[in-house]
Each structure stands twice: as C-alpha cells, then as structure tokens.
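Pasted below: model.cif, mmCIF, C-alpha atoms.
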```cif
data_my_file
#
loop_
_atom_site.group_PDB
_atom_site.id
_atom_site.type_symbol
_atom_site.label_atom_id
_atom_site.label_comp_id
_atom_site.auth_asym_id
_atom_site.auth_seq_id
_atom_site.Cartn_x
_atom_site.Cartn_y
_atom_site.Cartn_z
ATOM 1 C CA MET O 184 -21.913 59.822 13.994
ATOM 2 C CA SER O 185 -21.168 60.298 10.299
ATOM 3 C CA PRO O 186 -19.333 63.392 9.057
ATOM 4 C CA PRO O 187 -21.626 66.225 7.973
ATOM 5 C CA ARG O 188 -22.475 66.092 4.290
ATOM 6 C CA SER O 189 -23.040 69.827 3.865
ATOM 7 C CA THR O 190 -19.293 70.473 3.674
ATOM 8 C CA GLN O 191 -16.468 68.508 2.140
ATOM 9 C CA PHE O 192 -14.999 66.224 4.825
ATOM 10 C CA SER O 193 -11.794 65.488 2.894
ATOM 11 C CA THR O 194 -9.869 66.988 0.015
ATOM 12 C CA LEU O 195 -8.990 63.459 -1.111
ATOM 13 C CA ILE O 196 -12.424 61.820 -1.188
ATOM 14 C CA ASP O 197 -15.752 63.433 -1.984
ATOM 15 C CA ASN O 198 -18.568 62.987 0.509
ATOM 16 C CA ALA O 199 -20.627 60.646 -1.678
ATOM 17 C CA THR O 200 -17.681 58.273 -2.117
ATOM 18 C CA LEU O 201 -16.851 58.575 1.576
ATOM 19 C CA ALA O 202 -20.361 57.486 2.501
ATOM 20 C CA ARG O 203 -19.949 54.350 0.368
ATOM 21 C CA ILE O 204 -16.516 53.610 1.838
ATOM 22 C CA GLU O 205 -17.979 53.713 5.348
ATOM 23 C CA ARG O 206 -20.062 50.648 4.472
ATOM 24 C CA LEU O 207 -17.064 48.621 3.271
ATOM 25 C CA ARG O 208 -14.828 46.301 5.247
ATOM 26 C CA ILE O 209 -11.382 44.859 4.532
ATOM 27 C CA ASN O 210 -11.782 41.195 3.650
ATOM 28 C CA SER O 211 -8.805 39.662 5.454
ATOM 29 C CA ARG O 212 -8.217 35.937 5.426
ATOM 30 C CA ARG O 213 -7.946 36.445 9.205
ATOM 31 C CA ARG O 214 -5.085 34.032 9.725
ATOM 32 C CA PHE O 215 -3.050 36.637 11.572
ATOM 33 C CA THR O 216 -4.911 38.208 14.468
ATOM 34 C CA ASN O 217 -4.185 39.522 17.942
ATOM 35 C CA ARG O 218 -5.398 38.264 21.268
ATOM 36 C CA SER O 219 -6.988 41.521 22.276
ATOM 37 C CA ARG O 220 -10.665 41.865 21.483
ATOM 38 C CA GLY O 221 -12.045 43.013 18.145
ATOM 39 C CA GLU O 222 -14.670 42.004 15.601
ATOM 40 C CA HIS O 223 -13.060 38.870 14.136
ATOM 41 C CA LEU O 224 -13.985 35.462 15.507
ATOM 42 C CA SER O 225 -11.124 33.010 15.785
ATOM 43 C CA GLY O 226 -11.014 29.285 16.316
ATOM 44 C CA LYS O 227 -9.466 29.684 19.769
ATOM 45 C CA GLY O 228 -11.498 29.930 22.922
ATOM 46 C CA GLY O 229 -11.999 33.369 24.348
ATOM 47 C CA SER O 230 -14.275 35.745 26.193
ATOM 48 C CA SER O 231 -17.113 36.787 23.915
ATOM 49 C CA THR O 232 -20.783 35.978 24.515
ATOM 50 C CA GLU O 233 -21.052 33.479 21.632
ATOM 51 C CA PHE O 234 -20.886 29.876 22.895
ATOM 52 C CA SER O 235 -18.362 27.574 21.201
ATOM 53 C CA ASP O 236 -18.012 24.201 23.007
ATOM 54 C CA TYR O 237 -17.429 22.359 26.286
ATOM 55 C CA ARG O 238 -14.323 20.767 27.728
ATOM 56 C CA ASP O 239 -13.418 19.002 30.965
ATOM 57 C CA TYR O 240 -12.619 21.204 33.922
ATOM 58 C CA VAL O 241 -8.975 21.058 35.018
ATOM 59 C CA GLU O 242 -7.392 22.484 38.135
ATOM 60 C CA GLY O 243 -6.741 26.194 37.770
ATOM 61 C CA ASP O 244 -9.660 26.916 35.395
ATOM 62 C CA ASP O 245 -11.938 29.853 36.179
ATOM 63 C CA VAL O 246 -14.963 28.376 37.994
ATOM 64 C CA ARG O 247 -17.130 31.195 36.639
ATOM 65 C CA PHE O 248 -17.233 29.303 33.332
ATOM 66 C CA VAL O 249 -18.307 25.974 34.812
ATOM 67 C CA ASP O 250 -21.738 24.869 33.560
ATOM 68 C CA TRP O 251 -23.452 24.119 36.849
ATOM 69 C CA ASN O 252 -26.565 22.720 35.165
ATOM 70 C CA ILE O 253 -24.493 19.937 33.592
ATOM 71 C CA PHE O 254 -22.639 19.449 36.894
ATOM 72 C CA SER O 255 -25.924 18.919 38.739
ATOM 73 C CA ARG O 256 -26.935 16.177 36.272
ATOM 74 C CA LEU O 257 -23.624 14.413 35.632
ATOM 75 C CA HIS O 258 -21.747 15.295 38.812
ATOM 76 C CA ARG O 259 -18.723 16.226 36.700
ATOM 77 C CA PRO O 260 -17.555 19.778 36.036
ATOM 78 C CA TYR O 261 -17.456 20.946 32.419
ATOM 79 C CA LEU O 262 -16.134 24.318 31.278
ATOM 80 C CA LYS O 263 -18.062 26.435 28.757
ATOM 81 C CA LEU O 264 -15.932 27.751 25.906
ATOM 82 C CA TYR O 265 -16.667 30.876 23.874
ATOM 83 C CA HIS O 266 -15.450 32.208 20.575
ATOM 84 C CA HIS O 267 -12.513 34.533 20.997
ATOM 85 C CA GLU O 268 -13.164 37.935 19.466
ATOM 86 C CA GLU O 269 -9.923 39.242 18.004
ATOM 87 C CA GLU O 270 -8.797 42.475 16.446
ATOM 88 C CA VAL O 271 -6.686 42.874 13.354
ATOM 89 C CA HIS O 272 -3.892 45.413 13.082
ATOM 90 C CA VAL O 273 -4.237 47.285 9.788
ATOM 91 C CA VAL O 274 -0.838 48.737 8.862
ATOM 92 C CA ILE O 275 -0.842 51.118 5.880
ATOM 93 C CA LEU O 276 2.498 51.884 4.225
ATOM 94 C CA VAL O 277 2.597 54.801 1.764
ATOM 95 C CA ASP O 278 5.664 55.031 -0.467
ATOM 96 C CA ALA O 279 6.204 58.795 -0.817
ATOM 97 C CA SER O 280 9.521 58.644 -2.687
ATOM 98 C CA ASP O 281 10.326 60.718 -5.768
ATOM 99 C CA SER O 282 9.088 58.121 -8.238
ATOM 100 C CA MET O 283 5.611 58.284 -6.662
ATOM 101 C CA MET O 284 5.296 61.983 -7.482
ATOM 102 C CA PHE O 285 4.903 61.210 -11.164
ATOM 103 C CA SER O 286 1.466 61.220 -12.835
ATOM 104 C CA ASP O 287 -0.795 61.240 -9.740
ATOM 105 C CA LYS O 288 0.670 58.032 -8.280
ATOM 106 C CA LEU O 289 1.078 59.568 -4.833
ATOM 107 C CA LEU O 290 -2.418 61.058 -4.989
ATOM 108 C CA ARG O 291 -3.919 57.630 -5.647
ATOM 109 C CA ALA O 292 -1.800 56.132 -2.854
ATOM 110 C CA ARG O 293 -3.063 58.767 -0.422
ATOM 111 C CA GLN O 294 -6.674 58.218 -1.497
ATOM 112 C CA LEU O 295 -6.359 54.455 -1.053
ATOM 113 C CA ALA O 296 -4.631 54.940 2.317
ATOM 114 C CA ALA O 297 -7.521 57.114 3.512
ATOM 115 C CA ALA O 298 -10.089 54.587 2.255
ATOM 116 C CA PHE O 299 -8.426 51.580 3.888
ATOM 117 C CA GLY O 300 -7.852 53.580 7.061
ATOM 118 C CA ILE O 301 -11.553 54.436 7.318
ATOM 119 C CA MET O 302 -12.555 50.802 6.721
ATOM 120 C CA GLY O 303 -10.229 49.661 9.481
ATOM 121 C CA LEU O 304 -11.336 52.302 11.965
ATOM 122 C CA LEU O 305 -15.025 51.555 11.425
ATOM 123 C CA SER O 306 -14.318 47.829 11.959
ATOM 124 C CA ASN O 307 -12.796 48.701 15.344
ATOM 125 C CA GLU O 308 -9.396 47.435 14.217
ATOM 126 C CA ARG O 309 -6.151 49.057 15.303
ATOM 127 C CA VAL O 310 -5.030 51.179 12.339
ATOM 128 C CA SER O 311 -1.610 52.726 11.837
ATOM 129 C CA CYS O 312 -0.359 54.645 8.820
ATOM 130 C CA TRP O 313 3.240 55.292 7.761
ATOM 131 C CA SER O 314 4.770 57.402 4.988
ATOM 132 C CA PHE O 315 8.400 57.169 3.913
ATOM 133 C CA ASN O 316 10.717 59.554 2.099
ATOM 134 C CA THR O 317 14.465 59.393 2.743
ATOM 135 C CA ALA O 318 16.724 57.210 4.872
ATOM 136 C CA ASP O 319 17.930 60.115 7.044
ATOM 137 C CA GLN O 320 14.380 61.261 7.811
ATOM 138 C CA GLU O 321 12.120 59.660 10.383
ATOM 139 C CA PRO O 322 8.998 58.200 8.762
ATOM 140 C CA ALA O 323 5.777 60.057 9.417
ATOM 141 C CA ARG O 324 3.536 57.836 11.501
ATOM 142 C CA LEU O 325 0.011 57.872 12.867
ATOM 143 C CA GLY O 326 -1.473 55.468 15.365
ATOM 144 C CA PRO O 327 -2.336 52.835 16.100
ATOM 145 C CA LEU O 328 -5.860 54.212 16.415
ATOM 146 C CA SER O 329 -9.325 52.670 16.425
ATOM 147 C CA GLY O 330 -12.922 53.793 16.226
ATOM 148 C CA ARG O 331 -14.966 56.291 14.232
ATOM 149 C CA GLY O 332 -13.814 59.140 16.451
ATOM 150 C CA ASN O 333 -10.342 58.964 14.877
ATOM 151 C CA MET O 334 -11.511 59.389 11.271
ATOM 152 C CA ARG O 335 -10.609 63.075 11.281
ATOM 153 C CA ALA O 336 -7.080 62.360 12.523
ATOM 154 C CA MET O 337 -6.604 59.662 9.881
ATOM 155 C CA ILE O 338 -7.810 61.899 7.054
ATOM 156 C CA ASP O 339 -5.663 64.831 8.207
ATOM 157 C CA PHE O 340 -2.550 62.666 8.396
ATOM 158 C CA VAL O 341 -2.993 61.231 4.906
ATOM 159 C CA GLU O 342 -3.855 64.618 3.382
ATOM 160 C CA HIS O 343 -0.542 66.019 4.615
ATOM 161 C CA ILE O 344 1.711 63.241 3.278
ATOM 162 C CA GLU O 345 4.367 64.959 1.159
ATOM 163 C CA GLY O 346 6.384 63.308 -1.588
ATOM 164 C CA GLY O 347 10.094 63.397 -2.244
ATOM 165 C CA GLY O 348 12.979 61.106 -1.322
ATOM 166 C CA ASP O 349 14.906 58.044 -2.345
ATOM 167 C CA LEU O 350 14.199 55.418 0.346
ATOM 168 C CA PRO O 351 13.656 52.002 -1.322
ATOM 169 C CA VAL O 352 10.391 50.298 -0.483
ATOM 170 C CA ASP O 353 12.128 47.255 1.012
ATOM 171 C CA ARG O 354 13.872 49.541 3.505
ATOM 172 C CA CYS O 355 10.519 51.180 4.286
ATOM 173 C CA ILE O 356 9.187 47.787 5.328
ATOM 174 C CA GLU O 357 12.196 47.060 7.533
ATOM 175 C CA VAL O 358 12.007 50.450 9.257
ATOM 176 C CA MET O 359 8.314 49.931 9.986
ATOM 177 C CA LEU O 360 8.882 46.443 11.391
ATOM 178 C CA ASN O 361 11.518 47.775 13.772
ATOM 179 C CA ARG O 362 8.790 49.808 15.471
ATOM 180 C CA HIS O 363 5.555 47.905 14.855
ATOM 181 C CA ARG O 364 4.013 45.363 17.210
ATOM 182 C CA GLY O 365 0.979 43.318 16.302
ATOM 183 C CA ARG O 366 -0.365 40.840 13.775
ATOM 184 C CA GLY O 367 -2.878 41.520 11.020
ATOM 185 C CA ILE O 368 -2.701 43.112 7.568
ATOM 186 C CA VAL O 369 -0.111 45.314 5.892
ATOM 187 C CA ILE O 370 -1.367 47.392 2.963
ATOM 188 C CA LEU O 371 1.574 48.428 0.794
ATOM 189 C CA LEU O 372 0.872 51.343 -1.580
ATOM 190 C CA SER O 373 3.818 51.845 -3.933
ATOM 191 C CA ASP O 374 4.973 51.624 -7.523
ATOM 192 C CA LEU O 375 7.359 48.894 -6.259
ATOM 193 C CA LEU O 376 10.032 50.179 -8.626
ATOM 194 C CA THR O 377 13.095 49.291 -6.589
ATOM 195 C CA PHE O 378 16.492 47.667 -6.908
ATOM 196 C CA GLY O 379 16.037 46.250 -3.407
ATOM 197 C CA ASP O 380 15.264 42.702 -2.316
ATOM 198 C CA LEU O 381 11.498 42.488 -1.961
ATOM 199 C CA SER O 382 11.621 38.763 -1.207
ATOM 200 C CA ARG O 383 13.465 39.394 2.066
ATOM 201 C CA ALA O 384 11.116 42.253 3.004
ATOM 202 C CA PHE O 385 8.028 40.131 2.275
ATOM 203 C CA ASN O 386 9.504 37.248 4.281
ATOM 204 C CA LEU O 387 9.877 39.596 7.236
ATOM 205 C CA LEU O 388 6.246 40.712 6.936
ATOM 206 C CA PHE O 389 4.995 37.133 6.756
ATOM 207 C CA SER O 390 7.126 35.972 9.687
ATOM 208 C CA ARG O 391 5.759 38.836 11.788
ATOM 209 C CA GLY O 392 2.185 37.727 11.140
ATOM 210 C CA LEU O 393 1.189 40.400 8.625
ATOM 211 C CA GLU O 394 -0.933 39.414 5.640
ATOM 212 C CA ILE O 395 0.342 41.292 2.577
ATOM 213 C CA PHE O 396 -1.994 43.445 0.494
ATOM 214 C CA ALA O 397 0.362 44.937 -2.118
ATOM 215 C CA ILE O 398 -1.024 47.477 -4.581
ATOM 216 C CA GLN O 399 1.385 48.552 -7.319
ATOM 217 C CA ILE O 400 0.423 51.985 -8.622
ATOM 218 C CA LEU O 401 1.884 52.740 -12.040
ATOM 219 C CA ALA O 402 1.466 55.721 -14.336
ATOM 220 C CA PRO O 403 -0.187 55.122 -17.723
ATOM 221 C CA GLU O 404 3.149 56.071 -19.317
ATOM 222 C CA GLU O 405 4.831 53.291 -17.339
ATOM 223 C CA ILE O 406 2.249 50.731 -18.411
ATOM 224 C CA GLU O 407 2.144 51.764 -22.077
ATOM 225 C CA PRO O 408 5.104 54.087 -22.853
ATOM 226 C CA ASP O 409 4.766 56.392 -25.838
ATOM 227 C CA VAL O 410 8.401 56.853 -26.782
ATOM 228 C CA THR O 411 9.903 57.249 -30.237
ATOM 229 C CA GLY O 412 13.352 58.037 -31.613
ATOM 230 C CA ASN O 413 16.330 58.643 -29.346
ATOM 231 C CA ALA O 414 15.735 59.242 -25.658
ATOM 232 C CA ARG O 415 17.566 59.687 -22.369
ATOM 233 C CA PHE O 416 15.994 58.118 -19.290
ATOM 234 C CA ILE O 417 16.932 59.465 -15.851
ATOM 235 C CA ASP O 418 16.066 57.651 -12.625
ATOM 236 C CA CYS O 419 14.511 60.359 -10.438
ATOM 237 C CA GLU O 420 15.719 58.678 -7.229
ATOM 238 C CA THR O 421 19.227 57.442 -8.120
ATOM 239 C CA ASP O 422 19.986 59.942 -10.926
ATOM 240 C CA LEU O 423 21.212 57.060 -13.094
ATOM 241 C CA LYS O 424 21.048 57.858 -16.818
ATOM 242 C CA LEU O 425 20.350 55.597 -19.772
ATOM 243 C CA ASP O 426 20.658 56.751 -23.397
ATOM 244 C CA VAL O 427 18.546 54.777 -25.836
ATOM 245 C CA THR O 428 18.609 54.838 -29.619
ATOM 246 C CA ALA O 429 15.411 53.960 -31.495
ATOM 247 C CA ALA O 430 13.441 53.645 -28.252
ATOM 248 C CA SER O 431 10.308 52.494 -30.041
ATOM 249 C CA ASP O 432 12.122 49.299 -31.077
ATOM 250 C CA LEU O 433 12.687 48.457 -27.408
ATOM 251 C CA LEU O 434 9.101 48.866 -26.231
ATOM 252 C CA SER O 435 8.251 45.183 -26.662
ATOM 253 C CA ILE O 436 11.305 44.238 -24.582
ATOM 254 C CA TYR O 437 10.307 46.782 -21.927
ATOM 255 C CA ASN O 438 6.777 45.386 -21.768
ATOM 256 C CA GLU O 439 8.075 41.831 -21.445
ATOM 257 C CA HIS O 440 10.342 42.827 -18.565
ATOM 258 C CA ARG O 441 7.623 44.850 -16.823
ATOM 259 C CA LEU O 442 5.144 41.990 -16.995
ATOM 260 C CA ALA O 443 7.791 39.519 -15.844
ATOM 261 C CA TYR O 444 8.630 41.750 -12.885
ATOM 262 C CA THR O 445 4.930 42.028 -12.045
ATOM 263 C CA ARG O 446 4.628 38.230 -12.058
ATOM 264 C CA VAL O 447 7.613 37.978 -9.717
ATOM 265 C CA ILE O 448 6.003 40.309 -7.171
ATOM 266 C CA GLU O 449 2.646 38.567 -7.509
ATOM 267 C CA ASN O 450 4.368 35.244 -6.859
ATOM 268 C CA LEU O 451 6.181 36.658 -3.828
ATOM 269 C CA CYS O 452 2.820 37.696 -2.374
ATOM 270 C CA SER O 453 0.870 34.537 -3.216
ATOM 271 C CA ARG O 454 3.559 32.251 -1.784
ATOM 272 C CA ARG O 455 3.133 34.100 1.506
ATOM 273 C CA ASN O 456 -0.676 33.917 1.391
ATOM 274 C CA GLY O 457 -0.832 37.576 0.376
ATOM 275 C CA ARG O 458 -2.482 39.482 -2.448
ATOM 276 C CA PHE O 459 -1.161 41.645 -5.253
ATOM 277 C CA LEU O 460 -2.742 44.025 -7.747
ATOM 278 C CA THR O 461 -1.411 46.497 -10.314
ATOM 279 C CA VAL O 462 -3.508 49.610 -10.930
ATOM 280 C CA SER O 463 -3.080 52.649 -13.125
ATOM 281 C CA SER O 464 -2.907 56.117 -11.608
ATOM 282 C CA ALA O 465 -5.329 57.121 -14.378
ATOM 283 C CA ASP O 466 -8.016 54.956 -12.748
ATOM 284 C CA SER O 467 -10.363 56.767 -10.411
ATOM 285 C CA LEU O 468 -10.614 55.851 -6.732
ATOM 286 C CA MET O 469 -14.192 54.673 -7.345
ATOM 287 C CA ASP O 470 -13.002 52.290 -10.058
ATOM 288 C CA MET O 471 -10.173 50.943 -7.892
ATOM 289 C CA LEU O 472 -12.434 50.321 -4.901
ATOM 290 C CA PHE O 473 -15.774 49.273 -6.317
ATOM 291 C CA ASP O 474 -14.576 47.471 -9.416
ATOM 292 C CA GLN O 475 -11.067 46.115 -9.051
ATOM 293 C CA LEU O 476 -10.655 45.562 -5.296
ATOM 294 C CA MET O 477 -14.218 44.506 -4.585
ATOM 295 C CA ARG O 478 -14.302 42.178 -7.595
ATOM 296 C CA LYS O 479 -11.124 40.465 -6.390
ATOM 297 C CA GLY O 480 -12.508 40.067 -2.888
ATOM 298 C CA TRP O 481 -10.091 42.416 -1.104
ATOM 299 C CA ILE O 482 -12.995 44.397 0.336
ATOM 300 C CA CYS O 483 -16.652 43.621 0.848
#
```
Write-out of the structure in structure tokens:
Amino acid sequence: MSPPRSTQFSTLIDNATLARIERLRINSRRRFTNRSRGEHLSGKGGSSTEFSDYRDYVEGDDVRFVDWNIFSRLHRPYLKLYHHEEEVHVVILVDASDSMMFSDKLLRARQLAAAFGIMGLLSNERVSCWSFNTADQEPARLGPLSGRGNMRAMIDFVEHIEGGGDLPVDRCIEVMLNRHRGRGIVILLSDLLTFGDLSRAFNLLFSRGLEIFAIQILAPEEIEPDVTGNARFIDCETDLKLDVTAASDLLSIYNEHRLAYTRVIENLCSRRNGRFLTVSSADSLMDMLFDQLMRKGWIC
C-alpha cells in the first residue's frame, strides 16, 4: 500500500518524487549476495520455483527433488536443481560530521539515504542505515529491515539524522563493520574529505563482500572556490588553520589537487569492483537520481 498522497509523507522528499523512487531499483552487480532468500537469482542451486538443471543423485540428497519421471524411463535417479533466490544487504552510511553541515551537503546525503533505503525495502532486501558523528558517541543505527511496511521507520530515522562531529569516514566504515553481518552493497554518502586511509577501509568493505557505491557530496564552493586576496582557512573538524596570501593565484593548484584526489578515490572503488560519483550539493535530488545515477546505471 503506497503512502497517501494527500499529505506530505516526508520532509525530505516530496510525494511526486517519492512515487517515482518507488518504481526504481538499485542496480547491483550482484556478486555479493546472501544465502537467505530474496529477489536476486544467483548461479548456485537453491529453493525457488524456477528450474535450473539436473545432476546425478548422490547419497544424502533430498529425495523430494528427484525427478521420478526420468527415473521411470532411465532407471537412474537425477536431482532437479533450481535457481537460488538471494537477498542483498543494502548498508547505507551517512557521514554526519561537521564538514557535511556546510552548504546542504548533509541534506543531500539524507535525501539520498532515504531514496536508496526505499529502493532497497521495496526490493525486499535487508536495509540498514547508519549515521556517524564523533568517536565517543555510538553511531545511530536502524535495521536491518525489509519490506514496504518499514518505509515509515526508514524515513523517520533519516529525517532525524543530526550533524556535528569529527569522526573520519574511514573510522565510520570500521565501526560499522565491527557490527554488521551480511554481504551486499554499501552506499557511502560523504564528502570524503579525510586525512584517513580510505584504501584500508575500502579493502575491508570488499573483503567482507560489500560492493561499494561511494557518492562524494561537495559544496559548489568546494568544486569552484571563489576566493580572492588574503584568506585564512580553518578545518571545521580538526581546527587546523592555514593562512594564504593571494588565494586566487592558488586556485589552479587547488583544482589540480582536488581532481587528483577524486581520481584516487575513483580508482580505489573501481579496483574493488565498486562505483564512485562526485555530485554537487547544489544539484537537486531529482537531478542526482534521474539524471546522474540512472544514466550511469546505478539505479534502474
């Protein structure tokens, strides 16, 4: 049953956009799936109703799957095999540190988290959502949940994610992995502005059977800074200060380093069969979903 359209179902997503999101699905490469049942067909034998193949009967096999018609003709028992229907864990990580509170970055992260959460729930996947702030604070966590009946809980959780803190994104990943069980997809929503070692964190995700969907959300001012004259830059999470003279002369160097850093993260993802995309917080949710993500095949 779809949410009523007479009232606003979410403060993050308008009802018209929500109706379109309900028809979308996350387009996983489906390499990493669980053995419990879901909507994704694997190459392994299982217990769905879709026939796959035959194999010789061996001692200990369940006789309920013997094809007795073939046995009556050939006088040899053959076992019927079926496609295994598997479910994907959809793990959504929301970076809610101080740097994400700048220029609607956290708002876009929350909107994307809600959208991906709805897609996962309506695909009958097991969806969990995490938000991280500081090292001495337990991460907020929801799930794992599945099914349309949990849409309200998912939306409420994401709407109440609060920003503020200094926990690096690589530590967020490690904290989540200490508690998470299951293979599938991890959707990382962050500006990825960290001094930490993302290569180690991404290795851990890959080794645990989680396909990486990393979305870097940057403010327009971070993509194209408009800075002239002398300036002092202060890191909002570490409080480190940097005084710059003639900042406009350094913009080309900044852009080179930003693009190089972006290529590094993209390479980290692609080498682990993951995906990476940089978006601007000035882009609307509709543009992110129905132009950028759909065009790149992340959703369908």
Using all atoms listed in the file, which residue out of O:Leu433, O:Leu195, O:Val447, O:Met469 lies closest to Leu381 (chain O)? O:Val447
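Residue membership of the PyMOL selection byres ((chain O and resi 480) around 12) in the shown file amounts to Leu207, Arg208, Ile209, Asn210, Ser211, Arg212, Phe396, Arg458, Phe459, Leu460, Leu472, Phe473, Asp474, Gln475, Leu476, Met477, Arg478, Lys479, Trp481, Ile482 and Cys483 of chain O.
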Residues of the last selection are to be written out with C-alpha atoms, as a CSV table (one decimal), in the coordinates of the input.
```
chain,number,residue,atom,x,y,z
O,207,LEU,CA,-17.1,48.6,3.3
O,208,ARG,CA,-14.8,46.3,5.2
O,209,ILE,CA,-11.4,44.9,4.5
O,210,ASN,CA,-11.8,41.2,3.6
O,211,SER,CA,-8.8,39.7,5.5
O,212,ARG,CA,-8.2,35.9,5.4
O,396,PHE,CA,-2.0,43.4,0.5
O,458,ARG,CA,-2.5,39.5,-2.4
O,459,PHE,CA,-1.2,41.6,-5.3
O,460,LEU,CA,-2.7,44.0,-7.7
O,472,LEU,CA,-12.4,50.3,-4.9
O,473,PHE,CA,-15.8,49.3,-6.3
O,474,ASP,CA,-14.6,47.5,-9.4
O,475,GLN,CA,-11.1,46.1,-9.1
O,476,LEU,CA,-10.7,45.6,-5.3
O,477,MET,CA,-14.2,44.5,-4.6
O,478,ARG,CA,-14.3,42.2,-7.6
O,479,LYS,CA,-11.1,40.5,-6.4
O,481,TRP,CA,-10.1,42.4,-1.1
O,482,ILE,CA,-13.0,44.4,0.3
O,483,CYS,CA,-16.7,43.6,0.8
```
Could you tell me, as a PyMOL selection string, exactly which residues end up selected when the PyMOL selection byres ((chain O and resi 336-353) around 8) is applied to this structure? chain O and resi 193-195+278-281+283-284+289+293-294+296-297+300-301+314-318+325+333-335+354-357+373+375+377-381+384+420-421
Let me know the residues the PyMOL selection byres ((chain O and resi 400) around 9) catches in the file above, as number ranges by chain. O: 283, 288-289, 291-292, 372-375, 398-399, 401-402, 460-464
Rounded to one decimal, what separation in Å do you get between CA of Phe385 (chain O) and CA of Met471 (chain O)? 23.5 Å
One-decimal distance in Å that lies between CA of Pro322 (chain O) and CA of Met359 (chain O): 8.4 Å
Distance criterion (all atoms listed in the file): nearest to Leu371 (chain O) out of O:Phe285, O:Tyr437, O:Trp251, O:Trp313: O:Trp313
One decimal, Å: what's the distance from CA of Ser435 (chain O) over to CA of Ser467 (chain O), could you say? 27.3 Å
Mind listing whatever residues come within 8 Å of the point (1.6, 47.3, -19.7)? Use all atoms listed in the file, file coordinates, and give them as a JSON list (two decimals) with C-alpha atoms, in the frame of the given file.
```json
[["chain", "number", "residue", "atom", "x", "y", "z"],
["O", 405, "GLU", "CA", 4.83, 53.29, -17.34],
["O", 406, "ILE", "CA", 2.25, 50.73, -18.41],
["O", 407, "GLU", "CA", 2.14, 51.76, -22.08],
["O", 438, "ASN", "CA", 6.78, 45.39, -21.77],
["O", 441, "ARG", "CA", 7.62, 44.85, -16.82],
["O", 442, "LEU", "CA", 5.14, 41.99, -17.00]]
```
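Between Arg364 (chain O) and the candidates O:His272, O:Asn450, O:Pro403, O:Asn456, the tightest atom-to-atom separation, counting all atoms listed in the file, involves O:His272.
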